[in-house]
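Engineer: Below is target31.cif; it holds mmCIF, C-alpha atoms.
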```cif
data_data
#
loop_
_atom_site.label_atom_id
_atom_site.label_comp_id
_atom_site.auth_asym_id
_atom_site.auth_seq_id
_atom_site.Cartn_x
_atom_site.Cartn_y
_atom_site.Cartn_z
CA SER A 1 157.13 25.81 -37.55
CA PHE A 2 154.86 26.76 -34.67
CA ASP A 3 151.78 26.39 -36.84
CA LEU A 4 152.64 22.98 -38.31
CA PRO A 5 150.12 20.58 -36.74
CA GLY A 6 151.86 18.27 -34.29
CA ALA A 7 155.23 20.08 -34.43
CA ARG A 8 155.24 21.32 -30.84
CA GLU A 9 154.73 17.81 -29.54
CA THR A 10 157.98 16.70 -31.18
CA TRP A 11 160.11 19.35 -29.49
CA SER A 12 162.50 18.48 -26.72
CA SER A 13 162.43 20.53 -23.52
CA GLU A 14 165.56 22.31 -24.81
CA ASP A 15 163.76 23.16 -28.10
CA ARG A 16 160.81 24.54 -26.12
CA ARG A 17 163.08 26.78 -24.02
CA LEU A 18 164.99 27.98 -27.08
CA TYR A 19 161.87 28.79 -29.11
CA ARG A 20 160.13 30.43 -26.15
CA LEU A 21 163.14 32.69 -25.64
CA ALA A 22 163.42 33.48 -29.36
CA ASP A 23 159.71 34.31 -29.57
CA ARG A 24 159.26 36.28 -26.36
CA ALA A 25 162.66 37.92 -25.90
CA PRO A 26 164.52 38.19 -29.22
CA TRP A 27 166.84 40.80 -27.67
CA LEU A 28 167.91 38.24 -25.06
CA MET A 29 168.41 35.59 -27.76
CA ARG A 30 170.77 38.05 -29.51
CA LEU A 31 172.76 38.39 -26.27
CA VAL A 32 172.98 34.63 -25.82
CA LEU A 33 174.08 34.12 -29.41
CA ALA A 34 176.53 37.04 -29.20
CA ARG A 35 178.36 35.04 -26.55
CA VAL A 36 178.30 31.96 -28.80
CA GLY A 37 179.75 34.03 -31.65
CA ARG A 38 182.46 35.46 -29.38
CA ASP A 39 183.37 31.96 -28.14
CA LEU A 40 183.59 30.71 -31.73
CA ARG A 41 185.88 33.56 -32.73
CA ARG A 42 188.18 32.78 -29.79
CA ASP A 43 188.23 29.04 -30.46
CA PRO A 44 186.47 27.74 -33.60
CA ASN A 45 186.73 24.17 -32.27
CA ALA A 46 184.97 25.01 -29.00
CA MET A 47 181.55 23.99 -30.27
CA PHE A 48 182.68 20.47 -31.12
CA SER A 49 182.77 19.26 -27.54
CA THR A 50 179.10 20.25 -27.20
CA VAL A 51 178.15 18.85 -30.61
CA GLU A 52 179.94 15.56 -29.96
CA ARG A 53 177.99 15.07 -26.72
CA ILE A 54 174.70 15.46 -28.60
CA VAL A 55 175.26 13.47 -31.79
CA GLY A 56 175.51 9.72 -32.29
CA PRO A 57 178.37 7.48 -33.45
CA ALA A 58 177.93 8.04 -37.21
CA ASP A 59 178.09 11.79 -36.78
CA ARG A 60 181.10 11.58 -34.45
CA ASP A 61 182.89 9.46 -37.10
CA VAL A 62 182.17 12.05 -39.80
CA LEU A 63 183.20 14.95 -37.56
CA ALA A 64 186.50 13.19 -36.87
CA GLY A 65 187.18 12.83 -40.60
CA PRO A 66 189.57 15.06 -42.53
CA GLY A 67 188.26 18.49 -43.44
CA TYR A 68 184.81 18.22 -41.90
CA ARG A 69 185.56 20.33 -38.83
CA GLU A 70 187.11 23.00 -41.00
CA VAL A 71 184.00 23.18 -43.18
CA LEU A 72 181.71 23.47 -40.14
CA ASN A 73 184.01 26.05 -38.56
CA ARG A 74 183.83 28.15 -41.75
CA ASN A 75 180.04 27.80 -41.85
CA MET A 76 179.65 28.83 -38.21
CA GLY A 77 182.16 31.65 -38.65
CA GLU A 78 180.21 32.97 -41.62
CA ALA A 79 176.90 32.71 -39.74
CA PHE A 80 178.29 34.96 -37.00
CA ARG A 81 180.61 37.11 -39.15
CA GLN A 82 178.36 40.16 -38.82
CA GLY A 83 177.34 39.41 -35.25
CA ALA A 84 174.47 37.55 -33.61
CA ARG A 85 171.57 39.52 -35.07
CA GLY A 86 171.17 37.21 -38.11
CA PRO A 87 171.27 33.88 -36.26
CA ALA A 88 168.96 35.29 -33.55
CA TYR A 89 166.51 36.52 -36.18
CA ASP A 90 166.53 33.09 -37.84
CA LEU A 91 165.54 31.48 -34.53
CA THR A 92 162.85 34.09 -33.95
CA LEU A 93 161.36 33.38 -37.38
CA GLU A 94 161.55 29.65 -36.71
CA ALA A 95 159.77 30.13 -33.36
CA ARG A 96 156.79 32.01 -34.77
CA PRO A 97 153.94 30.90 -37.04
CA TRP A 98 154.89 30.91 -40.71
CA GLY A 99 151.43 30.99 -42.21
CA VAL A 100 152.55 28.54 -44.90
CA PRO A 101 149.77 26.34 -46.30
CA PHE A 102 151.94 23.21 -46.38
CA ASP A 103 149.14 21.14 -47.92
CA SER A 104 149.09 23.51 -50.92
CA ILE A 105 152.74 23.04 -51.89
CA GLU A 106 152.62 21.51 -55.36
CA VAL A 107 156.26 20.64 -56.03
CA PRO A 108 157.82 17.27 -55.25
CA ILE A 109 159.95 17.32 -52.12
CA GLU A 110 162.64 14.79 -51.18
CA ILE A 111 163.41 14.46 -47.47
CA TRP A 112 166.58 12.62 -46.48
CA HIS A 113 167.08 11.98 -42.81
CA GLY A 114 169.35 9.82 -40.71
CA GLU A 115 167.42 7.57 -38.34
CA ASP A 116 170.07 8.24 -35.67
CA ASP A 117 169.82 12.04 -36.03
CA ARG A 118 169.86 13.43 -32.50
CA VAL A 119 169.62 17.06 -33.61
CA VAL A 120 166.36 16.81 -35.57
CA SER A 121 164.26 13.86 -34.48
CA VAL A 122 162.62 11.36 -36.80
CA GLU A 123 159.28 12.45 -35.30
CA GLN A 124 159.93 16.05 -36.36
CA VAL A 125 160.71 14.99 -39.90
CA ARG A 126 157.69 12.72 -40.15
CA THR A 127 155.45 15.50 -38.82
CA LEU A 128 156.66 17.78 -41.60
CA ALA A 129 156.34 15.03 -44.22
CA ARG A 130 152.71 14.34 -43.22
CA ALA A 131 151.89 17.99 -43.94
CA LEU A 132 153.34 17.91 -47.47
CA PRO A 133 151.31 16.36 -50.28
CA LEU A 134 154.16 15.47 -52.67
CA VAL A 135 156.91 14.22 -50.39
CA THR A 136 159.22 11.23 -50.61
CA GLU A 137 160.93 10.31 -47.36
CA HIS A 138 164.28 8.56 -47.17
CA HIS A 139 165.12 7.49 -43.62
CA VAL A 140 168.65 6.09 -43.59
CA PRO A 141 169.39 3.58 -40.81
CA GLY A 142 172.44 4.26 -38.67
CA GLU A 143 173.03 7.75 -40.04
CA GLY A 144 172.85 11.02 -38.16
CA HIS A 145 172.46 14.73 -38.75
CA PHE A 146 175.80 15.24 -40.52
CA SER A 147 176.60 11.74 -41.69
CA VAL A 148 173.50 11.27 -43.85
CA PHE A 149 174.71 13.91 -46.30
CA ALA A 150 178.42 13.22 -45.86
CA ARG A 151 177.93 9.55 -46.76
CA HIS A 152 174.96 9.72 -49.14
CA ALA A 153 175.44 12.98 -51.04
CA GLY A 154 175.40 11.29 -54.45
CA GLU A 155 172.12 9.46 -53.77
CA ILE A 156 170.56 12.57 -52.30
CA LEU A 157 171.50 14.73 -55.27
CA GLN A 158 170.31 12.07 -57.73
CA SER A 159 166.92 11.85 -56.01
CA VAL A 160 166.53 15.63 -56.03
CA MET A 161 167.49 15.85 -59.70
CA ALA A 162 165.03 13.08 -60.61
CA SER A 163 162.06 14.70 -58.88
#
```
Re-express the file's structure as structure tokens.

Structural biologist:
Amino acid sequence: SFDLPGARETWSSEDRRLYRLADRAPWLMRLVLARVGRDLRRDPNAMFSTVERIVGPADRDVLAGPGYREVLNRNMGEAFRQGARGPAYDLTLEARPWGVPFDSIEVPIEIWHGEDDRVVSVEQVRTLARALPLVTEHHVPGEGHFSVFARHAGEILQSVMAS
């Protein structure tokens, strides 16, 4: 969130460009994402070459496993099923201040994060965790963005159920 103290400092240059575009020119973000949606409809596997360049070894292993690509393809297909307006709006909301008093959240929150996540950095997660009063962080060595849940789903669900 834009108004989370310290969040902007954790953003990559790509994050900054993306959020700036989403905030200042949502119509242009819709056009960009319309192309993404069109490319995904033509070839659902097209995004994997980009994703595989970004993620680390644990995520590449999971993405190569049986069924995982199909699940992600269905998720991405559903996200763009009605066009790019929804995904573009999500990014616009993400790019603007939320006005959420994070320090007033009174429910326990479990954060699970792979230490080798190259999509959402450890710094971003720790910045969010510092703003929450009742948070338990689980940083899993060697795991990435996808692999942390794929390989630790049982532990994650148990920790959420226990809190």

Engineer: Report as a PyMOL selection string the residues that result from applying the PyMOL selection byres ((chain A and resi 125) around 12) to the structure here.

Structural biologist: chain A and resi 1+4+6-7+10-11+110-115+117-124+126-132+135-139+145

Engineer: Go through the shown structure with the PyMOL selection byres ((chain A and resi 20-32) around 8) and write out the matching residues as number ranges by chain.

Structural biologist: A: 16-19, 33-36, 84-85, 87-89, 91-92, 95-96

Engineer: One decimal, in Å: what's the spacing between CA of Arg41 in chain A and CA of Arg81 in chain A?

Structural biologist: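 Calculated distance between CA of Arg41 in chain A and CA of Arg81 in chain A is 9.0 Å.
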
Engineer: Would you compute the distance between CA of Pro133 in chain A and CA of Ser163 in chain A? Give it in Å to one decimal.

Structural biologist: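 Value for the CA of Pro133 in chain A-CA of Ser163 in chain A distance: 13.9 Å.
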
Engineer: Which distance in Å separates CA of Ala150 in chain A and CA of Val51 in chain A, to one decimal?

Structural biologist: 16.3 Å

Engineer: To verify the selection step, state as a PyMOL selection string which residues the PyMOL selection byres ((chain A and resi 97) around 6) yields on this input.

Structural biologist: chain A and resi 2-3+96+98-99

Engineer: So that I have them on file, write out the residues from the current selection with C-alpha atoms, as a PDB file, in the coordinates of the input.

Structural biologist:
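Below is the file selection-v4.pdb, written as the result:
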```pdb
ATOM      1  CA  PHE A   2     154.860  26.760 -34.670  1.00  0.00           C
ATOM      2  CA  ASP A   3     151.780  26.390 -36.840  1.00  0.00           C
ATOM      3  CA  ARG A  96     156.790  32.010 -34.770  1.00  0.00           C
ATOM      4  CA  TRP A  98     154.890  30.910 -40.710  1.00  0.00           C
ATOM      5  CA  GLY A  99     151.430  30.990 -42.210  1.00  0.00           C
TER       6      GLY A  99
END
```

Engineer: Choose the residue, out of A:Glu143, A:Asn73, A:Tyr68, A:Leu63, that has the smallest atom-to-atom separation from Asn45 in chain A; count only C-alpha atoms.

Structural biologist: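 Between A:Glu143, A:Asn73, A:Tyr68, A:Leu63, the residue approaching Asn45 in chain A most closely is A:Asn73.
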